[in-house]
2 protein chains.
Amino acid sequence: MKINGKDYRCLWFEDDAIKFIDQRKLPYRFEVFTAKTVDDCVFAIKEMVVRGAPAIGAAAVYGMVLGVNDVEETMWKLRGTRPTAYDLFYAIDYMVDKINSGEDPLESAHKYVEDLVQRCRRIGENGSRLIKEGMRILTHCNAGALATVDYGTALSVFRVAHEQGKKFFVYVDETRPRCQGFLTSWELYHEGIPHTVIVDNAAGFFMKNKEVDMVVTGADRITRSGDFANKIGTYEKAVLAKENDIPFYVAAPVSTFDNNIYSGDEIEIEERERTELAVFNGKTIMPSWMKVRNPAFDVTPARYVTGYITEKGVIKKKIE
Amino acid sequence: MKINGKDYRCLWFEDDAIKFIDQRKLPYRFEVFTAKTVDDCVFAIKEMVVRGAPAIGAAAVYGMVLGVNDVEETMWKLRGTRPTAYDLFYAIDYMVDKINSGEDPLESAHKYVEDLVQRCRRIGENGSRLIKEGMRILTHCNAGALATVDYGTALSVFRVAHEQGKKFFVYVDETRPRCQGFLTSWELYHEGIPHTVIVDNAAGFFMKNKEVDMVVTGADRITRSGDFANKIGTYEKAVLAKENDIPFYVAAPVSTFDNNIYSGDEIEIEERERTELAVFNGKTIMPSWMKVRNPAFDVTPARYVTGYITEKGVIKKKIE
């Protein structure tokens with residue numbers, strides 16, 4: 001992705017360390033976070049220096065490189081960071097397999113990441129065919145380069161369509177509590193893609209007023225039946241899209257499909273800390289006596305999904 | 001309402017001025033705003049020192065008292081403050097009528113406000129019958145004493161049920177952009193009603209997980225067909241309630257029914273300023289280059305409503 005004209009990825013391996021664009025500081029400040037140890041990498045994933053299922057997978061493969069001297073311990077430390085991100089387990093298993101086969105850990109990790117970037121690019125190429133001139137598209141959370149090393153999933157679709165000269169407009173849900181919509185806006189702004197941020201409450205308003213022609217989101221985990229887990233609020237937007245006859249697409253690499261489970265009911269949903277609602281960009285916005293519940297993800301049943309945009313093509317039917 | 005054990009209303013007339021609990025400062029600080037002139041009153045309504053359709057109506061009747069020397073000008077100034085709040089027009093028309101009939105303006109205003117408070121109390125009495133032991137109820141925005149002078153509409157239902165010793169739990173949508181859910185939490189906290197604040201994105205999650213048994217919201221304006229305008233996001237929650245077979249009730253005094261219009265499509269929706277999203281409790285949370293759209297209300301079609309809780313009873317069918 002371009003940031004002020006220079007090419008970046010959201011994370012990369014350099015000088016025996018993982019470098020991350022620190023997403024906790026965005027969209028306010030551009031800073032790089034350096035992880036020299038497995039524990040630094042665990043911190044980066046847990047504290048959301050890096051976020052987005054595919055990017056977490058990429059962080060994990062490099063994390064395995066940092067912890068190659070104790071593969072077993074590193075594996076368990078990394079597995080414990082984010083229970084909802086299926087790519088994380090996929091990435092760790094990949095690395096354990098490569099290391100056990102005697103392949104070079106860093107080269108294997110690089111190969112994983114390059115492959116991810118190319119798959120994201122192809123997601124964009126496949127998905128951009130769905131975008132017609134003048135469309136207004138809603139997206140939720142950040143399924144961009146920041147979430148996938150480069151290109152993104154949902155945002156790759158927009159990037160490629162924009163490269164092809166198509167004119168379209170994006171509504172970006174701010175995506176409380178962490179407002180990852182601000183990250184999406186930051187990416188679209190740097191790409192020059194016309195868009196506007198809206199509160200999550202307004203998505204239904206624009207759908208009902210026929211100002212949204214399509215919804216595209218990412219996914220953290222997709223089951224064999226096509227149910228998928230994604231950022232809290234995705235389920236709401238999917239129900240509203242169906243109610244208003246608006247196509248709803250999920251953009252994700254094939255690695256997001258978890259063939260081990262059939263139903264979305266089997267997906268464990270993490271509830272995160274109160275601070276996510278109570279503190280915004282370091283500023284407390286909620287009185288101390290106020291209680292919250294904070295589920296970080298929800299599960300959207302397959303019946304709300306029009307299709308899955310993957311690097312292998314657009315799957316319009318249920319997976320099974 | 002009780003605030004630290006003392007009885008308060010959200011606004012009252014004292015020393016030739018309107019006193020308002022300054023809702024811009026809540027739930028952080030308790031401060032009283034004094035409006036000595038019509039322009040002060042217009043400011044209080046526009047800047048949301050006072051908010052909620054019935055409370056705006058009460059502010060307007062006292063505003064008419066302050067501007068009784070130029071009824072025509074006062075009327076137009078007040079009418080221009082908030083286009084969605086039907087109570088506002090109702091209240092102004094009431095005062096113009098009383099003044100034209102030679103009745104005492106202040107006494108007429110007091111009568112309007114007392115009547116409003118009593119109607120809210122009766123809304124609570126009628127609605128509390130719907131609350132069964134152990135229920136989990138979702139509410140959106142603030143339809144409490146702060147929005148209606150005293151008792152509230154949706155919150156009056158909770159207050160009365162709580163007085164009756166019923167045990168129940170309330171999920172409070174934070175209600176971005178202005179987070180009026182924090183005001184609801186503040187009221188429930190002072191009443192001792194168990195509740196938790198959630199992000200608006202999580203309402204669907206809890207509904208789908210069968211952790212919500214009923215939804216109760218207020219309304220700013222209800223048409224003859226039963227369509228109603230309320231805070232942005234209400235439409236989303238109503239669609240989600242229907243999708244999950246959860247009863248959805250609208251609590252509002254009869255004065256909220258606007259018999260002049262049939263369909264919700266006729267309701268003008270105000271779009272408010274960017275600052276509502278960009279600044280939180282005086283703190284900027286959004287970079288200056290970020291664009292927003294900010295519709296303040298939405299319209300929920302009558303087909304999503306199970307019933308209307310009014311001071312005259314619970315109306316379970318469409319109005320017409």
# chains A, B, ... in the order shown; residues from 1 in each chain; ligands from 1
call {"tool": "interface_residues", "arguments": {"of": "chain A", "to": "chain B", "cutoff": "9 Å", "atoms": "only C-alpha atoms", "output": "ChimeraX atom specification"}}
result
/A:27-28,175-177,182,185-186,189,195-205,232-237,239-240,243,277,280-281,283,285-287,289-299
call {"tool": "write_last_selection", "arguments": {"atoms": "C-alpha atoms", "output": "tab-separated table (two decimals), in the first residue's frame"}}
result
chain	number	residue	atom	x	y	z
A	27	PRO	CA	-5.05	7.06	11.78
A	28	TYR	CA	-3.46	9.73	13.96
A	175	THR	CA	-17.00	-0.10	13.64
A	176	ARG	CA	-17.21	0.52	17.34
A	177	PRO	CA	-15.71	-0.19	19.74
A	182	PHE	CA	-11.00	4.84	10.66
A	185	SER	CA	-10.85	5.46	5.75
A	186	TRP	CA	-7.10	6.06	6.15
A	189	TYR	CA	-7.84	8.28	1.60
A	195	HIS	CA	-15.78	7.44	0.69
A	196	THR	CA	-17.40	8.64	3.86
A	197	VAL	CA	-17.39	7.32	7.43
A	198	ILE	CA	-20.75	6.67	9.09
A	199	VAL	CA	-21.72	5.47	12.56
A	200	ASP	CA	-22.64	1.79	12.63
A	201	ASN	CA	-26.22	2.81	13.44
A	202	ALA	CA	-26.54	4.60	10.09
A	203	ALA	CA	-25.79	1.60	7.85
A	204	GLY	CA	-29.42	0.48	7.96
A	205	PHE	CA	-30.59	4.02	7.19
A	232	ILE	CA	-18.94	-7.47	15.86
A	233	GLY	CA	-21.72	-5.80	13.88
A	234	THR	CA	-21.18	-7.77	10.68
A	235	TYR	CA	-24.21	-9.93	11.48
A	236	GLU	CA	-26.37	-6.81	11.89
A	237	LYS	CA	-25.30	-5.43	8.52
A	239	VAL	CA	-29.42	-9.06	8.17
A	240	LEU	CA	-30.12	-5.48	7.05
A	243	GLU	CA	-33.97	-7.25	4.43
A	277	LEU	CA	-15.38	0.97	24.92
A	280	PHE	CA	-10.70	6.10	22.87
A	281	ASN	CA	-7.26	6.92	21.46
A	283	LYS	CA	-8.78	9.30	26.25
A	285	ILE	CA	-14.88	8.57	27.46
A	286	MET	CA	-16.88	6.49	29.97
A	287	PRO	CA	-17.43	7.03	33.72
A	289	TRP	CA	-19.12	3.04	37.34
A	290	MET	CA	-20.47	2.13	33.91
A	291	LYS	CA	-20.61	-1.59	33.13
A	292	VAL	CA	-20.14	-3.04	29.67
A	293	ARG	CA	-20.20	-6.27	27.74
A	294	ASN	CA	-17.89	-6.43	24.78
A	295	PRO	CA	-18.16	-9.39	22.39
A	296	ALA	CA	-15.49	-8.77	19.75
A	297	PHE	CA	-16.98	-10.88	16.95
A	298	ASP	CA	-20.26	-12.26	15.78
A	299	VAL	CA	-21.27	-15.10	13.52
call {"tool": "select_by_dssp", "arguments": {"residues": "range 134-169 of chain B", "states": "alpha helix (DSSP H)", "output": "list in words"}}
result
Ala145, Leu146, Ala147, Thr148, Ala154, Leu155, Ser156, Val157, Phe158, Arg159, Val160, Ala161, His162 and Glu163 of chain B
call {"tool": "residues_around", "arguments": {"residues": "Thr81 in chain A", "least_positions_apart": "6", "cutoff": "7 Å", "atoms": "only C-alpha atoms", "output": "ChimeraX atom specification"}}
result
/A:42,45-46
call {"tool": "select_by_dssp", "arguments": {"residues": "range 17-194 of chain A", "states": "strand (DSSP E)", "output": "number ranges by chain"}}
result
A: 17-21, 32-35, 136-139, 169-173
call {"tool": "write_last_selection", "arguments": {"atoms": "N, CA and C atoms", "output": "PDB file, in the first residue's frame"}}
result
ATOM      1  N   ALA A  17      13.994  -9.062  13.371  1.00  0.00           N
ATOM      2  CA  ALA A  17      12.823  -8.626  14.148  1.00  0.00           C
ATOM      3  C   ALA A  17      11.632  -8.458  13.205  1.00  0.00           C
ATOM      4  N   ILE A  18      10.428  -8.475  13.789  1.00  0.00           N
ATOM      5  CA  ILE A  18       9.237  -8.170  12.989  1.00  0.00           C
ATOM      6  C   ILE A  18       8.917  -6.685  13.179  1.00  0.00           C
ATOM      7  N   LYS A  19       8.762  -5.998  12.073  1.00  0.00           N
ATOM      8  CA  LYS A  19       8.364  -4.589  12.111  1.00  0.00           C
ATOM      9  C   LYS A  19       6.878  -4.507  11.786  1.00  0.00           C
ATOM     10  N   PHE A  20       6.162  -3.774  12.600  1.00  0.00           N
ATOM     11  CA  PHE A  20       4.721  -3.603  12.386  1.00  0.00           C
ATOM     12  C   PHE A  20       4.388  -2.112  12.230  1.00  0.00           C
ATOM     13  N   ILE A  21       3.546  -1.764  11.288  1.00  0.00           N
ATOM     14  CA  ILE A  21       2.913  -0.440  11.363  1.00  0.00           C
ATOM     15  C   ILE A  21       2.008  -0.506  12.590  1.00  0.00           C
ATOM     16  N   VAL A  32       6.292   2.768  13.731  1.00  0.00           N
ATOM     17  CA  VAL A  32       6.658   1.366  13.531  1.00  0.00           C
ATOM     18  C   VAL A  32       6.986   0.734  14.892  1.00  0.00           C
ATOM     19  N   PHE A  33       6.379  -0.430  15.131  1.00  0.00           N
ATOM     20  CA  PHE A  33       6.605  -1.187  16.361  1.00  0.00           C
ATOM     21  C   PHE A  33       7.536  -2.351  16.014  1.00  0.00           C
ATOM     22  N   THR A  34       8.578  -2.571  16.825  1.00  0.00           N
ATOM     23  CA  THR A  34       9.543  -3.639  16.554  1.00  0.00           C
ATOM     24  C   THR A  34       9.377  -4.775  17.556  1.00  0.00           C
ATOM     25  N   ALA A  35       9.190  -5.996  17.048  1.00  0.00           N
ATOM     26  CA  ALA A  35       9.081  -7.179  17.916  1.00  0.00           C
ATOM     27  C   ALA A  35      10.343  -8.021  17.741  1.00  0.00           C
ATOM     28  N   ARG A 136     -22.612   2.214  -4.969  1.00  0.00           N
ATOM     29  CA  ARG A 136     -22.318   2.645  -3.604  1.00  0.00           C
ATOM     30  C   ARG A 136     -22.200   1.378  -2.764  1.00  0.00           C
ATOM     31  N   ILE A 137     -21.041   1.204  -2.134  1.00  0.00           N
ATOM     32  CA  ILE A 137     -20.718  -0.053  -1.457  1.00  0.00           C
ATOM     33  C   ILE A 137     -20.455   0.219   0.019  1.00  0.00           C
ATOM     34  N   LEU A 138     -21.041  -0.616   0.870  1.00  0.00           N
ATOM     35  CA  LEU A 138     -20.795  -0.482   2.309  1.00  0.00           C
ATOM     36  C   LEU A 138     -19.756  -1.503   2.747  1.00  0.00           C
ATOM     37  N   THR A 139     -18.836  -1.094   3.614  1.00  0.00           N
ATOM     38  CA  THR A 139     -17.936  -2.065   4.223  1.00  0.00           C
ATOM     39  C   THR A 139     -17.885  -1.846   5.723  1.00  0.00           C
ATOM     40  N   PHE A 169     -18.404   4.552  -4.826  1.00  0.00           N
ATOM     41  CA  PHE A 169     -18.353   5.279  -3.565  1.00  0.00           C
ATOM     42  C   PHE A 169     -18.466   4.277  -2.429  1.00  0.00           C
ATOM     43  N   VAL A 170     -17.712   4.487  -1.368  1.00  0.00           N
ATOM     44  CA  VAL A 170     -17.716   3.532  -0.259  1.00  0.00           C
ATOM     45  C   VAL A 170     -18.250   4.185   1.023  1.00  0.00           C
ATOM     46  N   TYR A 171     -19.223   3.531   1.641  1.00  0.00           N
ATOM     47  CA  TYR A 171     -19.632   3.882   3.004  1.00  0.00           C
ATOM     48  C   TYR A 171     -18.824   3.017   3.962  1.00  0.00           C
ATOM     49  N   VAL A 172     -18.179   3.639   4.922  1.00  0.00           N
ATOM     50  CA  VAL A 172     -17.340   2.913   5.870  1.00  0.00           C
ATOM     51  C   VAL A 172     -17.972   2.987   7.258  1.00  0.00           C
ATOM     52  N   ASP A 173     -18.444   1.858   7.781  1.00  0.00           N
ATOM     53  CA  ASP A 173     -18.923   1.818   9.174  1.00  0.00           C
ATOM     54  C   ASP A 173     -17.759   2.154  10.106  1.00  0.00           C
TER      55      ASP A 173
END
call {"tool": "atom_distance", "arguments": {"atom1": "CA of Arg129 in chain B", "atom2": "CA of Asp258 in chain B"}}
result
26.1 Å
call {"tool": "closest_residue", "arguments": {"among": "B:Val279, B:Glu211, B:His190, B:Gly127", "to": "Val250 in chain B", "atoms": "only C-alpha atoms"}}
result
B:Gly127
call {"tool": "residues_around", "arguments": {"residues": "Cys120 in chain A", "least_positions_apart": "4", "cutoff": "10 Å", "atoms": "only C-alpha atoms", "output": "ChimeraX atom specification"}}
result
/A:54,114-116,124-126,144-145,148-157,251-253,310-311
call {"tool": "atom_distance", "arguments": {"atom1": "CA of Val254 in chain B", "atom2": "CA of Lys2 in chain B"}}
result
25.6 Å
call {"tool": "decode", "arguments": {"residues": "range 79-100 of chain B", "atoms": "N, CA and C atoms", "output": "compact mmCIF listing (two decimals), in the first residue's frame"}}
result
# COMPACT_ATOMS: atom_id res chain seq x y z
N ARG B 79 -39.57 26.75 16.24
CA ARG B 79 -39.89 25.73 15.23
C ARG B 79 -38.67 25.32 14.43
N GLY B 80 -37.73 26.23 14.27
CA GLY B 80 -36.55 25.98 13.42
C GLY B 80 -35.47 25.14 14.09
N THR B 81 -35.66 24.80 15.37
CA THR B 81 -34.54 24.18 16.08
C THR B 81 -34.30 22.72 15.71
N ARG B 82 -35.36 21.91 15.67
CA ARG B 82 -35.19 20.46 15.44
C ARG B 82 -36.33 19.93 14.59
N PRO B 83 -36.11 19.74 13.30
CA PRO B 83 -37.23 19.40 12.41
C PRO B 83 -37.91 18.05 12.67
N THR B 84 -37.22 17.11 13.35
CA THR B 84 -37.80 15.76 13.50
C THR B 84 -38.74 15.63 14.70
N ALA B 85 -38.58 16.51 15.69
CA ALA B 85 -39.32 16.38 16.95
C ALA B 85 -40.75 16.92 16.81
N TYR B 86 -41.70 16.01 16.63
CA TYR B 86 -43.07 16.45 16.43
C TYR B 86 -43.64 17.13 17.67
N ASP B 87 -43.26 16.68 18.85
CA ASP B 87 -43.74 17.28 20.10
C ASP B 87 -43.48 18.79 20.13
N LEU B 88 -42.39 19.17 19.49
CA LEU B 88 -42.03 20.58 19.45
C LEU B 88 -43.15 21.40 18.81
N PHE B 89 -43.64 20.94 17.66
CA PHE B 89 -44.69 21.69 16.95
C PHE B 89 -45.99 21.64 17.75
N TYR B 90 -46.27 20.49 18.32
CA TYR B 90 -47.46 20.29 19.14
C TYR B 90 -47.44 21.27 20.32
N ALA B 91 -46.29 21.37 20.98
CA ALA B 91 -46.15 22.23 22.16
C ALA B 91 -46.30 23.71 21.80
N ILE B 92 -45.70 24.08 20.68
CA ILE B 92 -45.79 25.48 20.25
C ILE B 92 -47.23 25.83 19.90
N ASP B 93 -47.88 24.96 19.15
CA ASP B 93 -49.28 25.20 18.78
C ASP B 93 -50.16 25.31 20.02
N TYR B 94 -49.91 24.45 20.99
CA TYR B 94 -50.65 24.49 22.26
C TYR B 94 -50.51 25.86 22.92
N MET B 95 -49.29 26.37 22.98
CA MET B 95 -49.05 27.66 23.65
C MET B 95 -49.66 28.81 22.87
N VAL B 96 -49.54 28.79 21.55
CA VAL B 96 -50.11 29.85 20.73
C VAL B 96 -51.62 29.91 20.97
N ASP B 97 -52.22 28.74 21.02
CA ASP B 97 -53.66 28.63 21.25
C ASP B 97 -54.04 29.21 22.62
N LYS B 98 -53.28 28.84 23.66
CA LYS B 98 -53.57 29.32 25.02
C LYS B 98 -53.40 30.84 25.10
N ILE B 99 -52.31 31.32 24.51
CA ILE B 99 -52.04 32.77 24.56
C ILE B 99 -53.13 33.53 23.81
N ASN B 100 -53.51 33.01 22.63
CA ASN B 100 -54.58 33.65 21.85
C ASN B 100 -55.92 33.62 22.59
